[in-house]
>>> print(open('upload.txt').read())   # compact mmCIF, C-alpha atoms
# COMPACT_ATOMS: atom_id res chain seq x y z
CA MET D 185 33.69 -59.32 -15.65
CA THR D 186 36.21 -58.92 -12.82
CA ALA D 187 37.01 -55.69 -11.07
CA SER D 188 40.26 -53.86 -11.80
CA LEU D 189 42.63 -53.58 -8.86
CA ASN D 190 42.31 -49.79 -9.06
CA ALA D 191 38.57 -49.66 -9.75
CA PRO D 192 36.25 -48.34 -7.01
CA PHE D 193 33.95 -50.73 -5.19
CA LEU D 194 30.93 -48.90 -6.66
CA ASP D 195 31.28 -46.71 -9.74
CA VAL D 196 28.29 -44.59 -10.81
CA GLN D 197 29.14 -42.76 -14.01
CA GLY D 198 27.03 -40.29 -15.97
CA ILE D 199 23.62 -41.73 -15.11
CA GLY D 200 20.35 -40.02 -15.93
CA PHE D 201 16.69 -40.71 -15.27
CA GLY D 202 13.31 -39.10 -15.93
CA TYR D 203 9.76 -40.33 -15.58
CA ARG D 204 8.63 -38.34 -18.63
CA PRO D 205 10.43 -37.86 -21.94
CA GLY D 206 12.17 -34.51 -22.03
CA HIS D 207 11.84 -33.99 -18.26
CA PRO D 208 14.92 -35.55 -16.65
CA ILE D 209 15.22 -35.57 -12.87
CA PHE D 210 18.99 -35.72 -13.16
CA THR D 211 21.53 -36.21 -15.94
CA GLU D 212 25.24 -37.04 -15.99
CA LEU D 213 25.24 -37.83 -12.27
CA SER D 214 28.43 -39.51 -11.04
CA PHE D 215 30.01 -40.67 -7.80
CA THR D 216 32.15 -43.51 -6.47
CA LEU D 217 32.10 -45.50 -3.24
CA GLU D 218 34.82 -47.62 -1.69
CA ARG D 219 34.21 -50.75 0.35
CA GLY D 220 33.50 -49.75 3.94
CA GLU D 221 32.75 -46.13 2.99
CA LEU D 222 29.77 -44.11 4.19
CA PHE D 223 28.05 -41.90 1.61
CA THR D 224 25.16 -39.69 2.74
CA ILE D 225 22.85 -38.05 0.18
CA LEU D 226 20.95 -34.86 1.03
CA GLY D 227 18.64 -32.62 -0.94
CA PRO D 228 15.22 -30.95 -0.87
CA ASN D 229 11.94 -32.78 -1.35
CA GLY D 230 11.41 -33.76 -4.97
CA ALA D 231 15.07 -33.49 -5.96
CA GLY D 232 15.23 -37.21 -6.79
CA LYS D 233 17.11 -38.78 -3.87
CA SER D 234 14.87 -41.87 -3.74
CA THR D 235 14.94 -42.15 -7.54
CA LEU D 236 18.74 -42.12 -7.43
CA LEU D 237 18.71 -44.99 -4.92
CA ASN D 238 16.26 -46.88 -7.13
CA CYS D 239 18.73 -46.55 -10.01
CA VAL D 240 21.68 -47.73 -7.90
CA THR D 241 19.72 -50.81 -6.82
CA ALA D 242 18.26 -51.37 -10.34
CA VAL D 243 14.70 -51.03 -9.05
CA ARG D 244 14.45 -48.45 -11.83
CA PRO D 245 17.38 -48.93 -14.23
CA ALA D 246 19.17 -45.73 -15.19
CA GLN D 247 18.24 -44.54 -18.69
CA HIS D 248 21.86 -43.83 -19.56
CA GLY D 249 25.24 -44.11 -17.90
CA ARG D 250 26.77 -47.02 -15.98
CA ILE D 251 26.47 -48.37 -12.45
CA VAL D 252 29.21 -50.91 -11.77
CA LEU D 253 29.61 -52.86 -8.53
CA GLU D 254 32.86 -54.79 -8.21
CA GLY D 255 33.30 -54.83 -11.99
CA ALA D 256 29.74 -55.98 -12.80
CA GLU D 257 26.96 -53.85 -14.30
CA VAL D 258 24.28 -53.82 -11.59
CA ALA D 259 21.37 -53.76 -14.07
CA GLU D 260 22.74 -56.87 -15.81
CA LEU D 261 23.02 -59.01 -12.68
CA ALA D 262 20.45 -61.75 -12.17
CA PRO D 263 18.01 -60.72 -9.40
CA ARG D 264 19.21 -63.47 -7.07
CA VAL D 265 22.85 -62.49 -7.56
CA ARG D 266 22.03 -58.80 -7.13
CA ALA D 267 20.18 -59.59 -3.87
CA ARG D 268 23.32 -61.22 -2.51
CA LYS D 269 25.29 -58.08 -3.24
CA ILE D 270 22.86 -55.24 -2.49
CA ALA D 271 20.25 -54.77 0.25
CA TYR D 272 17.74 -51.94 0.06
CA VAL D 273 15.84 -50.47 3.02
CA PRO D 274 13.00 -48.22 1.78
CA GLN D 275 11.55 -45.24 3.64
CA THR D 276 8.49 -47.20 4.70
CA SER D 277 7.76 -50.91 4.82
CA THR D 278 4.18 -52.08 4.32
CA VAL D 279 3.49 -55.62 5.49
CA SER D 280 0.09 -56.97 4.44
CA TYR D 281 0.29 -60.35 6.16
CA ALA D 282 0.68 -61.05 9.86
CA TYR D 283 4.19 -62.50 9.65
CA THR D 284 5.97 -62.53 12.96
CA VAL D 285 8.79 -60.04 13.17
CA LEU D 286 11.27 -62.93 13.30
CA ASP D 287 9.87 -64.52 10.13
CA TYR D 288 9.91 -61.15 8.39
CA VAL D 289 13.58 -60.63 9.23
CA LEU D 290 14.35 -64.22 8.17
CA MET D 291 13.17 -63.30 4.66
CA GLY D 292 16.48 -61.49 4.34
CA ARG D 293 18.15 -64.91 4.07
CA ALA D 294 16.16 -65.82 0.94
CA PRO D 295 18.96 -64.98 -1.56
CA HIS D 296 21.17 -67.52 0.20
CA LEU D 297 18.64 -70.38 0.17
CA ASN D 298 17.48 -72.72 -2.56
CA LEU D 299 13.89 -72.46 -3.79
CA MET D 300 12.46 -75.12 -1.43
CA GLN D 301 15.07 -74.78 1.32
CA GLN D 302 13.96 -73.81 4.82
CA PRO D 303 15.97 -71.42 6.98
CA SER D 304 18.44 -73.28 9.18
CA ASP D 305 19.09 -72.86 12.89
CA ALA D 306 22.09 -70.74 11.89
CA ASP D 307 19.82 -68.48 9.81
CA ARG D 308 17.43 -68.11 12.75
CA ALA D 309 20.34 -67.27 15.03
CA LEU D 310 21.42 -64.53 12.61
CA ALA D 311 17.88 -63.13 12.63
CA HIS D 312 17.70 -63.14 16.44
CA ASP D 313 21.10 -61.44 16.63
CA ALA D 314 19.97 -58.74 14.18
CA LEU D 315 16.80 -58.08 16.21
CA GLU D 316 18.88 -57.73 19.38
CA LEU D 317 21.29 -55.44 17.54
CA LEU D 318 18.38 -53.14 16.66
CA GLY D 319 16.97 -53.33 20.19
CA ILE D 320 13.74 -55.12 19.20
CA GLY D 321 14.48 -58.68 20.26
CA ASP D 322 11.34 -58.66 22.42
CA LEU D 323 9.22 -58.20 19.26
CA ALA D 324 10.37 -61.47 17.62
CA GLY D 325 7.03 -63.24 18.11
CA ARG D 326 4.78 -60.21 17.44
CA PRO D 327 2.88 -59.93 14.14
CA CYS D 328 4.30 -57.20 11.88
CA THR D 329 0.78 -55.85 11.48
CA GLU D 330 0.61 -55.08 15.21
CA ILE D 331 3.78 -53.05 15.68
CA SER D 332 4.41 -49.37 15.03
CA GLY D 333 5.78 -47.92 11.83
CA GLY D 334 9.05 -47.09 13.58
CA GLN D 335 9.36 -50.66 14.85
CA ARG D 336 8.71 -51.98 11.33
CA GLN D 337 11.48 -49.72 10.07
CA LEU D 338 13.87 -51.24 12.60
CA ALA D 339 12.76 -54.72 11.52
CA SER D 340 13.43 -53.80 7.87
CA ILE D 341 16.95 -52.74 8.79
CA ALA D 342 17.46 -56.04 10.65
CA LYS D 343 16.24 -57.87 7.53
CA ALA D 344 18.86 -56.06 5.41
CA VAL D 345 21.60 -56.93 7.90
CA VAL D 346 20.83 -60.69 7.81
CA GLN D 347 20.82 -60.51 4.01
CA ASP D 348 24.61 -60.15 4.42
CA PRO D 349 25.16 -58.10 1.23
CA GLU D 350 28.21 -56.07 0.25
CA LEU D 351 26.32 -52.78 -0.22
CA ILE D 352 23.39 -51.59 1.91
CA VAL D 353 21.25 -48.71 0.62
CA PHE D 354 19.06 -46.88 3.14
CA ASP D 355 16.34 -44.42 2.10
CA GLU D 356 15.87 -42.08 5.08
CA PRO D 357 16.43 -44.84 7.66
CA THR D 358 15.72 -42.54 10.63
CA ALA D 359 12.58 -40.82 9.27
CA ALA D 360 10.04 -42.74 11.38
CA LEU D 361 12.17 -43.11 14.50
CA ASP D 362 12.33 -41.29 17.82
CA HIS D 363 15.53 -39.52 18.81
CA GLY D 364 17.00 -42.46 20.71
CA ASN D 365 16.42 -44.92 17.88
CA GLN D 366 17.76 -42.39 15.36
CA THR D 367 21.02 -42.34 17.30
CA ARG D 368 21.13 -46.14 17.49
CA VAL D 369 20.57 -46.49 13.73
CA LEU D 370 23.27 -43.93 12.94
CA GLN D 371 25.62 -45.88 15.20
CA LEU D 372 24.64 -49.07 13.36
CA LEU D 373 25.43 -47.50 9.97
CA SER D 374 28.83 -46.46 11.30
CA ASP D 375 29.46 -49.95 12.71
CA LEU D 376 28.44 -51.62 9.44
CA SER D 377 30.87 -49.46 7.48
CA ARG D 378 33.69 -50.46 9.84
CA ARG D 379 32.77 -54.09 9.19
CA GLY D 380 33.41 -53.49 5.48
CA PHE D 381 29.90 -52.87 4.13
CA GLY D 382 29.47 -50.06 1.61
CA ILE D 383 26.75 -47.77 3.01
CA ILE D 384 24.60 -45.27 1.08
CA SER D 385 21.85 -43.42 2.94
CA THR D 386 19.63 -40.43 2.36
CA THR D 387 18.60 -37.93 4.99
CA HIS D 388 17.01 -34.52 5.40
CA ASN D 389 19.20 -33.75 8.40
CA PRO D 390 22.70 -32.37 7.66
CA ASN D 391 23.69 -33.21 11.24
CA HIS D 392 23.34 -36.90 10.45
CA ALA D 393 25.88 -36.55 7.66
CA ILE D 394 28.21 -34.72 10.05
CA LEU D 395 27.85 -37.46 12.69
CA LEU D 396 28.46 -40.26 10.17
CA GLY D 397 31.43 -38.62 8.47
CA GLY D 398 32.77 -40.12 5.26
CA SER D 399 31.48 -38.55 2.06
CA ALA D 400 28.29 -36.72 1.15
CA GLY D 401 26.37 -35.61 -1.90
CA ILE D 402 23.78 -32.85 -2.19
CA LEU D 403 21.29 -33.27 -5.04
CA THR D 404 19.60 -30.04 -6.13
CA ARG D 405 16.21 -29.63 -7.77
CA SER D 406 18.01 -28.75 -11.00
CA GLY D 407 19.76 -32.13 -10.99
CA ARG D 408 23.22 -30.92 -9.98
CA PHE D 409 25.09 -33.22 -7.60
CA HIS D 410 27.73 -31.74 -5.28
CA THR D 411 29.92 -34.49 -3.80
CA GLY D 412 32.99 -34.72 -1.62
CA PRO D 413 34.12 -35.26 1.96
CA VAL D 414 31.45 -34.26 4.48
CA ALA D 415 33.49 -31.28 5.72
CA GLU D 416 33.63 -29.88 2.18
CA VAL D 417 29.97 -30.48 1.26
CA ILE D 418 28.13 -29.58 4.48
CA ARG D 419 28.73 -25.84 4.09
CA GLU D 420 26.55 -22.88 5.03
CA ASP D 421 26.49 -21.35 1.56
CA LEU D 422 25.59 -24.55 -0.27
CA LEU D 423 23.00 -25.74 2.26
CA SER D 424 21.32 -22.33 2.48
CA GLN D 425 21.09 -22.16 -1.30
CA VAL D 426 19.77 -25.70 -1.74
CA TYR D 427 17.21 -25.54 1.08
CA GLU D 428 16.33 -21.87 0.45
CA THR D 429 16.63 -20.94 4.11
CA ASP D 430 19.27 -19.44 6.39
CA LEU D 431 21.42 -22.23 7.85
CA ARG D 432 24.60 -22.00 9.90
CA VAL D 433 27.33 -24.58 10.36
CA VAL D 434 29.22 -23.87 13.58
CA HIS D 435 31.69 -25.79 15.69
CA VAL D 436 30.40 -26.60 19.18
CA GLU D 437 33.30 -27.08 21.55
CA GLN D 438 31.27 -29.11 24.07
CA LEU D 439 30.36 -31.61 21.34
CA GLY D 440 33.72 -31.59 19.62
CA ARG D 441 32.12 -31.27 16.19
CA ALA D 442 30.21 -28.96 13.88
CA VAL D 443 26.42 -28.67 13.92
CA CYS D 444 24.01 -27.30 11.32
CA GLU D 445 21.15 -25.21 12.67
CA THR D 446 18.71 -22.44 11.80
CA PRO D 447 19.78 -19.24 13.62
CA ALA D 448 16.24 -18.30 14.69
CA LEU D 449 12.67 -18.40 13.49
CA PRO D 450 11.31 -15.08 12.22
CA ARG D 451 9.02 -13.47 14.77
CA SER D 452 5.54 -12.37 13.75
CA GLU D 453 2.22 -11.75 15.41
CA PRO D 454 0.27 -15.04 15.68
CA THR D 455 -2.90 -14.81 13.61
CA MET D 456 -5.76 -17.06 12.62
CA LYS D 457 -7.85 -16.28 9.54
CA GLY D 458 -6.38 -12.79 9.51
CA ARG D 459 -7.40 -11.99 13.12
CA ALA D 460 -4.99 -11.59 16.03
CA LEU D 461 -5.23 -14.30 18.68
CA ARG D 462 -6.06 -13.24 22.22
>>> encode(input="upload.txt", output="structure tokens")
Amino acid sequence: MTASLNAPFLDVQGIGFGYRPGHPIFTELSFTLERGELFTILGPNGAGKSTLLNCVTAVRPAQHGRIVLEGAEVAELAPRVRARKIAYVPQTSTVSYAYTVLDYVLMGRAPHLNLMQQPSDADRALAHDALELLGIGDLAGRPCTEISGGQRQLASIAKAVVQDPELIVFDEPTAALDHGNQTRVLQLLSDLSRRGFGIISTTHNPNHAILLGGSAGILTRSGRFHTGPVAEVIREDLLSQVYETDLRVVHVEQLGRAVCETPALPRSEPTMKGRALR
């Protein structure tokens, strides 16, 4: 099937999923994504953000509805073809064997190689470039089992980049990272979108959606999905309702943008086991 000239790059229409019969996590969930667009998904714990990403990538096929990428049903694509089109970076990456970081990143080239084909010098150059891009070039020869969780997350992102897909799906890509690396990864997502990749990511931080721009979706625990441009979705009333806490979205002149913050923490006497601390 070929894509219509007016069809979106990614078209998610009316999908639903539940792990138990009669207990759907979401139903009739829809959104579209254009090539080179950033789409950030927010929502409270347990709302189904990771499950939604699993449906988009066909890790867990949607139980109804359609997910169409460039005119092709994602769930009907052969795994090898799907891997050339979509890369998925999970929240955490567990590596059981002591692959070097370079070899681990090189695995991202697998969809482009024949069964018995070895990575070429060009493939290795792509892997080295991706490691440098993520700021971990010095880890190339280190075993994956001997680096930190945050460093493994960066290596997983490098692996997705060398996969050279058309759509990259990130599940909380900054969760295990320090502040500096969070900023670098957000910059990378922005750069990848400008290079024409479709980017979907989840986050718990509304400020990340504000920094990235583009579009956003907020998935509630009841399965409702509020989507639109970031400026229309990242609103005080909606965020406060979804996260069940007082949040403010204010423009900070020194930053030249809006920020989302909690006004203040409620003050109370510090206690331990019902007794005041001295």
>>> closest_residue(input="upload.txt", among="D:His312, D:Lys233, D:Ile320, D:Ala267", to="Leu297 of chain D", atoms="only C-alpha atoms")
D:Ala267
>>> residues_around(input="upload.txt", residues="Val346 of chain D", least_positions_apart="4", cutoff="8 Å", atoms="all atoms listed in the file", output="PyMOL selection string")
chain D and resi 289-290+292-293+310-311+314+342
>>> closest_residue(input="upload.txt", among="D:Asp355, D:Glu420, D:Glu428, D:Asp287", to="Leu237 of chain D", atoms="only C-alpha atoms")
D:Asp355
>>> atom_distance(input="upload.txt", atom1="atom CA of Glu212 of chain D", atom2="atom CA of Gly380 of chain D")
28.3 Å
>>> residues_around(input="upload.txt", residues="Arg378 of chain D", least_positions_apart="4", cutoff="9 Å", atoms="all atoms listed in the file", output="VMD selection string")
chain D and resid 220 to 221 373 to 374
>>> closest_residue(input="upload.txt", among="D:Asp305, D:Glu350, D:Asp362, D:Asp322", to="Leu194 of chain D", atoms="all atoms listed in the file")
D:Glu350
>>> residues_around(input="upload.txt", residues="segment 438-441 of chain D", least_positions_apart="6", cutoff="12 Å", atoms="only C-alpha atoms", output="PyMOL selection string")
chain D and resi 391-397+415
>>> write_last_selection(input="upload.txt", atoms="C-alpha atoms", output="mmCIF file, in the coordinates of the input")
data_model
loop_
_atom_site.group_PDB
_atom_site.id
_atom_site.type_symbol
_atom_site.label_atom_id
_atom_site.label_comp_id
_atom_site.auth_asym_id
_atom_site.auth_seq_id
_atom_site.Cartn_x
_atom_site.Cartn_y
_atom_site.Cartn_z
ATOM 1 C CA ASN D 391 23.690 -33.210 11.240
ATOM 2 C CA HIS D 392 23.340 -36.900 10.450
ATOM 3 C CA ALA D 393 25.880 -36.550 7.660
ATOM 4 C CA ILE D 394 28.210 -34.720 10.050
ATOM 5 C CA LEU D 395 27.850 -37.460 12.690
ATOM 6 C CA LEU D 396 28.460 -40.260 10.170
ATOM 7 C CA GLY D 397 31.430 -38.620 8.470
ATOM 8 C CA ALA D 415 33.490 -31.280 5.720
#
>>> residues_around(input="upload.txt", residues="Arg408 of chain D", least_positions_apart="6", cutoff="10 Å", atoms="all atoms listed in the file", output="list of chain:residue names")
D:Ile209, D:Phe210, D:Thr211, D:Glu212, D:Leu213, D:Ala231, D:Gly401, D:Ile402
>>> residues_around(input="upload.txt", residues="Gly198 of chain D", least_positions_apart="2", cutoff="9 Å", atoms="all atoms listed in the file", output="PDB file with C-alpha atoms, in the coordinates of the input")
ATOM      1  CA  VAL D 196      28.290 -44.590 -10.810  1.00  0.00           C
ATOM      2  CA  GLY D 200      20.350 -40.020 -15.930  1.00  0.00           C
ATOM      3  CA  THR D 211      21.530 -36.210 -15.940  1.00  0.00           C
ATOM      4  CA  GLU D 212      25.240 -37.040 -15.990  1.00  0.00           C
ATOM      5  CA  LEU D 213      25.240 -37.830 -12.270  1.00  0.00           C
ATOM      6  CA  SER D 214      28.430 -39.510 -11.040  1.00  0.00           C
ATOM      7  CA  PHE D 215      30.010 -40.670  -7.800  1.00  0.00           C
ATOM      8  CA  HIS D 248      21.860 -43.830 -19.560  1.00  0.00           C
ATOM      9  CA  GLY D 249      25.240 -44.110 -17.900  1.00  0.00           C
ATOM     10  CA  ARG D 250      26.770 -47.020 -15.980  1.00  0.00           C
ATOM     11  CA  ILE D 251      26.470 -48.370 -12.450  1.00  0.00           C
TER      12      ILE D 251
END
>>> closest_residue(input="upload.txt", among="D:Val436, D:Leu318, D:Leu226, D:Ile383", to="Phe193 of chain D", atoms="all atoms listed in the file")
D:Ile383
>>> atom_distance(input="upload.txt", atom1="atom CA of Tyr288 of chain D", atom2="atom CA of Lys343 of chain D")
7.2 Å
>>> atom_distance(input="upload.txt", atom1="atom CA of Val279 of chain D", atom2="atom CA of Arg336 of chain D")
8.6 Å
>>> closest_residue(input="upload.txt", among="D:Leu449, D:Tyr281, D:Arg405, D:Pro228", to="Tyr427 of chain D", atoms="only C-alpha atoms")
D:Pro228
>>> closest_residue(input="upload.txt", among="D:Phe409, D:Phe381, D:Phe201, D:Phe223", to="Gln347 of chain D", atoms="all atoms listed in the file")
D:Phe381
